[in-house]
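Reading through the structure tokens given below for one structure.
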Amino acid sequence: MESTVRSDIVRIREKLRAESLAARDSLPPSVRADKSGRIIDHLWDYLVGKEVLHTYVSFRSEVDTHSLIEEALESGLRVVVPIIKERDGSKTMLHSVVTTDSAYHRGLFGVEEPIHGIPVDLHTLDIVIVPLAAFDRKGTRLGYGKGFYDRFLSALPRTIPRIGLAFAIQETAEIPQLTHDEPLNLVITEDEVIYCGSS
């Protein structure tokens with residue numbers, strides 16, 4: 001019975017993920033760019049006084065973080081980004097400091113990653129910006145199904161804020177939870193800042 005329930009939840013989550021990603025992909029590039037800019041503008045309110053920012057490097061139709069990384073570095077923030085490496089047949093998410101001089105290449109999933117990784121102590125992070133496929137107002141997040149961010153977030157102190165960036169069109173009424181889910185504190189869309197139940 002328990003395995004049947006879990007299978008049902010997984011199917012629902014896969015359907016929600018596919019629908020949300022299709023909606024995100026349907027936004028014209030100019031609209032995504034405008035909405036991304038508004039989201040990043042909202043985000044800057046939460047970076048005041050922070051020193052070490054962990055953020056994803058945007059890919060395809062995600063909320064664009066390239067300008068965020070550039071402006072954060074120019075403002076003196078230390079910026080950390082993920083790197084996916086394959087070891088012994090399994091993929092692991094590592095983390096690297098980037099600088100204004102960092103050179104990038106396409107990693108295992110086609111996402112830009114720094115060529116020369118600079119290790120970082122994750123306990124020095126002040127804030128983590130998280131990509132997502134879908135979200136609800138309780139802070140439940142659907143990622144891309146690989147579990148990289150849930151494992152990463154589970155290893156961090158709960159005192160480090162986790163902020164999801166998403167377009168409003170990616171919101172869903174409720175995402176059924178699984179035990180490994182790591183909730184978000186905030187979700188920032190182009191329209192509002194959503195304070196979640198975990199904040």
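Residue numbers start at 1 in each chain; chains themselves are named A, B, ... in the order of the structure tokens; ligands are numbered from 1 in the order shown.
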
Within 8 Å of stretch 25-42 of chain A using only C-alpha atoms, minus same-chain residues under 3 positions, as a VMD selection string: chain A and resid 21 to 22 45 to 46 61 63 to 65 68 165 to 167 188 to 191 193

Close residues, A:Thr92 itself excluded, 10 Å, only C-alpha atoms, min 6 positions apart in chain, as a VMD selection string: chain A and resid 82 to 86 147 to 148 151 to 152

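Between A:Ser20 and the residues A:Arg141, A:Arg87, A:Arg6, A:His123, the shortest atom-to-atom distance, using only C-alpha atoms, involves A:Arg141.
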
All helix (DSSP H, G or I) positions in stretch 6-76 of chain A, as an MDAnalysis selection string: chainID A and resid 6:26 29:44 66:74

Please identify the strand (DSSP E or B) residues within chain A (assignment by DSSP from backbone atoms) and present them as a short mmCIF file (atom, residue, chain, number, x, y, z; two decimals) with C-alpha atoms, in the first residue's frame.
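Output file states_14.cif follows:
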data_model
loop_
_atom_site.label_atom_id
_atom_site.label_comp_id
_atom_site.auth_asym_id
_atom_site.auth_seq_id
_atom_site.Cartn_x
_atom_site.Cartn_y
_atom_site.Cartn_z
CA VAL A 52 28.62 34.80 0.18
CA LEU A 53 25.92 34.04 -2.39
CA HIS A 54 25.28 30.58 -3.84
CA THR A 55 23.30 30.69 -7.07
CA ARG A 78 31.59 36.26 -3.13
CA VAL A 79 29.67 34.07 -5.58
CA VAL A 80 29.48 30.27 -5.54
CA VAL A 81 27.92 28.14 -8.29
CA PRO A 82 27.26 24.39 -8.67
CA ILE A 83 29.28 21.98 -10.78
CA ILE A 84 28.06 18.50 -11.71
CA LYS A 85 30.80 15.87 -11.85
CA GLU A 86 30.64 12.16 -12.61
CA ARG A 87 32.54 9.89 -10.25
CA SER A 90 27.31 8.49 -10.36
CA LYS A 91 26.81 12.23 -10.66
CA THR A 92 27.55 14.58 -7.77
CA MET A 93 26.97 18.29 -7.31
CA LEU A 94 30.11 20.14 -6.24
CA HIS A 95 30.48 23.86 -5.63
CA SER A 96 32.96 26.46 -6.85
CA VAL A 97 33.71 30.10 -6.22
CA VAL A 98 33.63 32.20 -9.40
CA TYR A 104 33.11 28.68 -18.35
CA HIS A 105 32.30 25.58 -20.36
CA ARG A 106 29.21 23.42 -20.80
CA GLU A 112 27.62 26.63 -17.89
CA GLU A 113 30.20 25.77 -15.22
CA PRO A 114 33.58 27.28 -14.32
CA ILE A 127 22.09 32.66 1.12
CA VAL A 128 21.22 30.05 -1.52
CA ILE A 129 19.30 30.79 -4.72
CA VAL A 130 17.51 27.69 -5.98
CA ALA A 134 7.27 24.24 -9.98
CA PHE A 135 6.40 25.47 -6.48
CA ARG A 141 9.63 22.75 -4.65
CA LEU A 142 9.74 20.51 -7.67
CA ARG A 162 16.81 29.17 0.60
CA ILE A 163 15.17 31.35 -2.03
CA GLY A 164 13.49 29.98 -5.13
CA LEU A 165 13.30 32.07 -8.30
CA GLU A 171 2.99 28.20 -9.25
CA LEU A 186 10.89 32.34 -0.01
CA VAL A 187 9.85 32.20 -3.62
CA ILE A 188 10.34 35.36 -5.67
CA VAL A 193 7.67 37.74 -2.80
CA ILE A 194 6.03 34.66 -1.27
CA TYR A 195 6.95 33.90 2.33
#

For stretch 99-101 of chain A: contacts at 12 Å, only C-alpha atoms, fewer than 4 positions along chain excluded, given as a VMD selection string: chain A and resid 66 69 to 81 114 to 118

Kindly save the residues from that selection, with N, CA and C atoms included, as a PDB file, in the first residue's frame.
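Produced file selection33.pdb, reproduced below:
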ATOM      1  N   HIS A  66      22.381  35.345 -15.027  1.00  0.00           N
ATOM      2  CA  HIS A  66      23.686  35.809 -15.504  1.00  0.00           C
ATOM      3  C   HIS A  66      23.980  37.238 -15.060  1.00  0.00           C
ATOM      4  N   ILE A  69      24.821  37.295 -11.278  1.00  0.00           N
ATOM      5  CA  ILE A  69      26.195  36.881 -10.970  1.00  0.00           C
ATOM      6  C   ILE A  69      27.161  38.025 -11.275  1.00  0.00           C
ATOM      7  N   GLU A  70      26.990  38.645 -12.423  1.00  0.00           N
ATOM      8  CA  GLU A  70      27.876  39.741 -12.820  1.00  0.00           C
ATOM      9  C   GLU A  70      27.782  40.911 -11.840  1.00  0.00           C
ATOM     10  N   GLU A  71      26.558  41.306 -11.504  1.00  0.00           N
ATOM     11  CA  GLU A  71      26.372  42.451 -10.612  1.00  0.00           C
ATOM     12  C   GLU A  71      26.815  42.122  -9.182  1.00  0.00           C
ATOM     13  N   ALA A  72      26.589  40.870  -8.753  1.00  0.00           N
ATOM     14  CA  ALA A  72      27.009  40.474  -7.410  1.00  0.00           C
ATOM     15  C   ALA A  72      28.524  40.552  -7.278  1.00  0.00           C
ATOM     16  N   LEU A  73      29.225  40.079  -8.291  1.00  0.00           N
ATOM     17  CA  LEU A  73      30.688  40.147  -8.266  1.00  0.00           C
ATOM     18  C   LEU A  73      31.164  41.591  -8.272  1.00  0.00           C
ATOM     19  N   GLU A  74      30.533  42.417  -9.085  1.00  0.00           N
ATOM     20  CA  GLU A  74      30.916  43.830  -9.150  1.00  0.00           C
ATOM     21  C   GLU A  74      30.669  44.548  -7.824  1.00  0.00           C
ATOM     22  N   SER A  75      29.657  44.090  -7.079  1.00  0.00           N
ATOM     23  CA  SER A  75      29.324  44.740  -5.808  1.00  0.00           C
ATOM     24  C   SER A  75      30.160  44.214  -4.641  1.00  0.00           C
ATOM     25  N   GLY A  76      31.023  43.211  -4.908  1.00  0.00           N
ATOM     26  CA  GLY A  76      31.898  42.705  -3.863  1.00  0.00           C
ATOM     27  C   GLY A  76      31.431  41.437  -3.174  1.00  0.00           C
ATOM     28  N   LEU A  77      30.296  40.891  -3.616  1.00  0.00           N
ATOM     29  CA  LEU A  77      29.846  39.622  -3.057  1.00  0.00           C
ATOM     30  C   LEU A  77      30.745  38.479  -3.543  1.00  0.00           C
ATOM     31  N   ARG A  78      30.932  37.494  -2.689  1.00  0.00           N
ATOM     32  CA  ARG A  78      31.586  36.265  -3.125  1.00  0.00           C
ATOM     33  C   ARG A  78      30.497  35.368  -3.693  1.00  0.00           C
ATOM     34  N   VAL A  79      30.699  34.842  -4.893  1.00  0.00           N
ATOM     35  CA  VAL A  79      29.665  34.071  -5.583  1.00  0.00           C
ATOM     36  C   VAL A  79      30.121  32.629  -5.762  1.00  0.00           C
ATOM     37  N   VAL A  80      29.219  31.712  -5.432  1.00  0.00           N
ATOM     38  CA  VAL A  80      29.484  30.274  -5.544  1.00  0.00           C
ATOM     39  C   VAL A  80      28.428  29.670  -6.468  1.00  0.00           C
ATOM     40  N   VAL A  81      28.856  28.784  -7.361  1.00  0.00           N
ATOM     41  CA  VAL A  81      27.922  28.135  -8.286  1.00  0.00           C
ATOM     42  C   VAL A  81      28.142  26.620  -8.252  1.00  0.00           C
ATOM     43  N   PRO A 114      32.193  26.801 -14.239  1.00  0.00           N
ATOM     44  CA  PRO A 114      33.576  27.282 -14.323  1.00  0.00           C
ATOM     45  C   PRO A 114      34.520  26.142 -14.681  1.00  0.00           C
ATOM     46  N   ILE A 115      35.447  26.433 -15.568  1.00  0.00           N
ATOM     47  CA  ILE A 115      36.399  25.401 -15.994  1.00  0.00           C
ATOM     48  C   ILE A 115      37.313  25.005 -14.842  1.00  0.00           C
ATOM     49  N   HIS A 116      37.801  25.993 -14.118  1.00  0.00           N
ATOM     50  CA  HIS A 116      38.708  25.728 -13.004  1.00  0.00           C
ATOM     51  C   HIS A 116      37.969  25.979 -11.693  1.00  0.00           C
ATOM     52  N   GLY A 117      37.580  24.899 -11.025  1.00  0.00           N
ATOM     53  CA  GLY A 117      36.821  25.013  -9.792  1.00  0.00           C
ATOM     54  C   GLY A 117      37.676  25.519  -8.634  1.00  0.00           C
ATOM     55  N   ILE A 118      37.076  26.357  -7.808  1.00  0.00           N
ATOM     56  CA  ILE A 118      37.732  26.855  -6.590  1.00  0.00           C
ATOM     57  C   ILE A 118      36.892  26.384  -5.407  1.00  0.00           C
TER      58      ILE A 118
END

Test item: residues at most 10 Å from A:Thr172, only C-alpha atoms, excluding those fewer than 3 positions along its chain, as a ChimeraX atom specification: /A:16-17,19-20,134-137,140,168-169,175
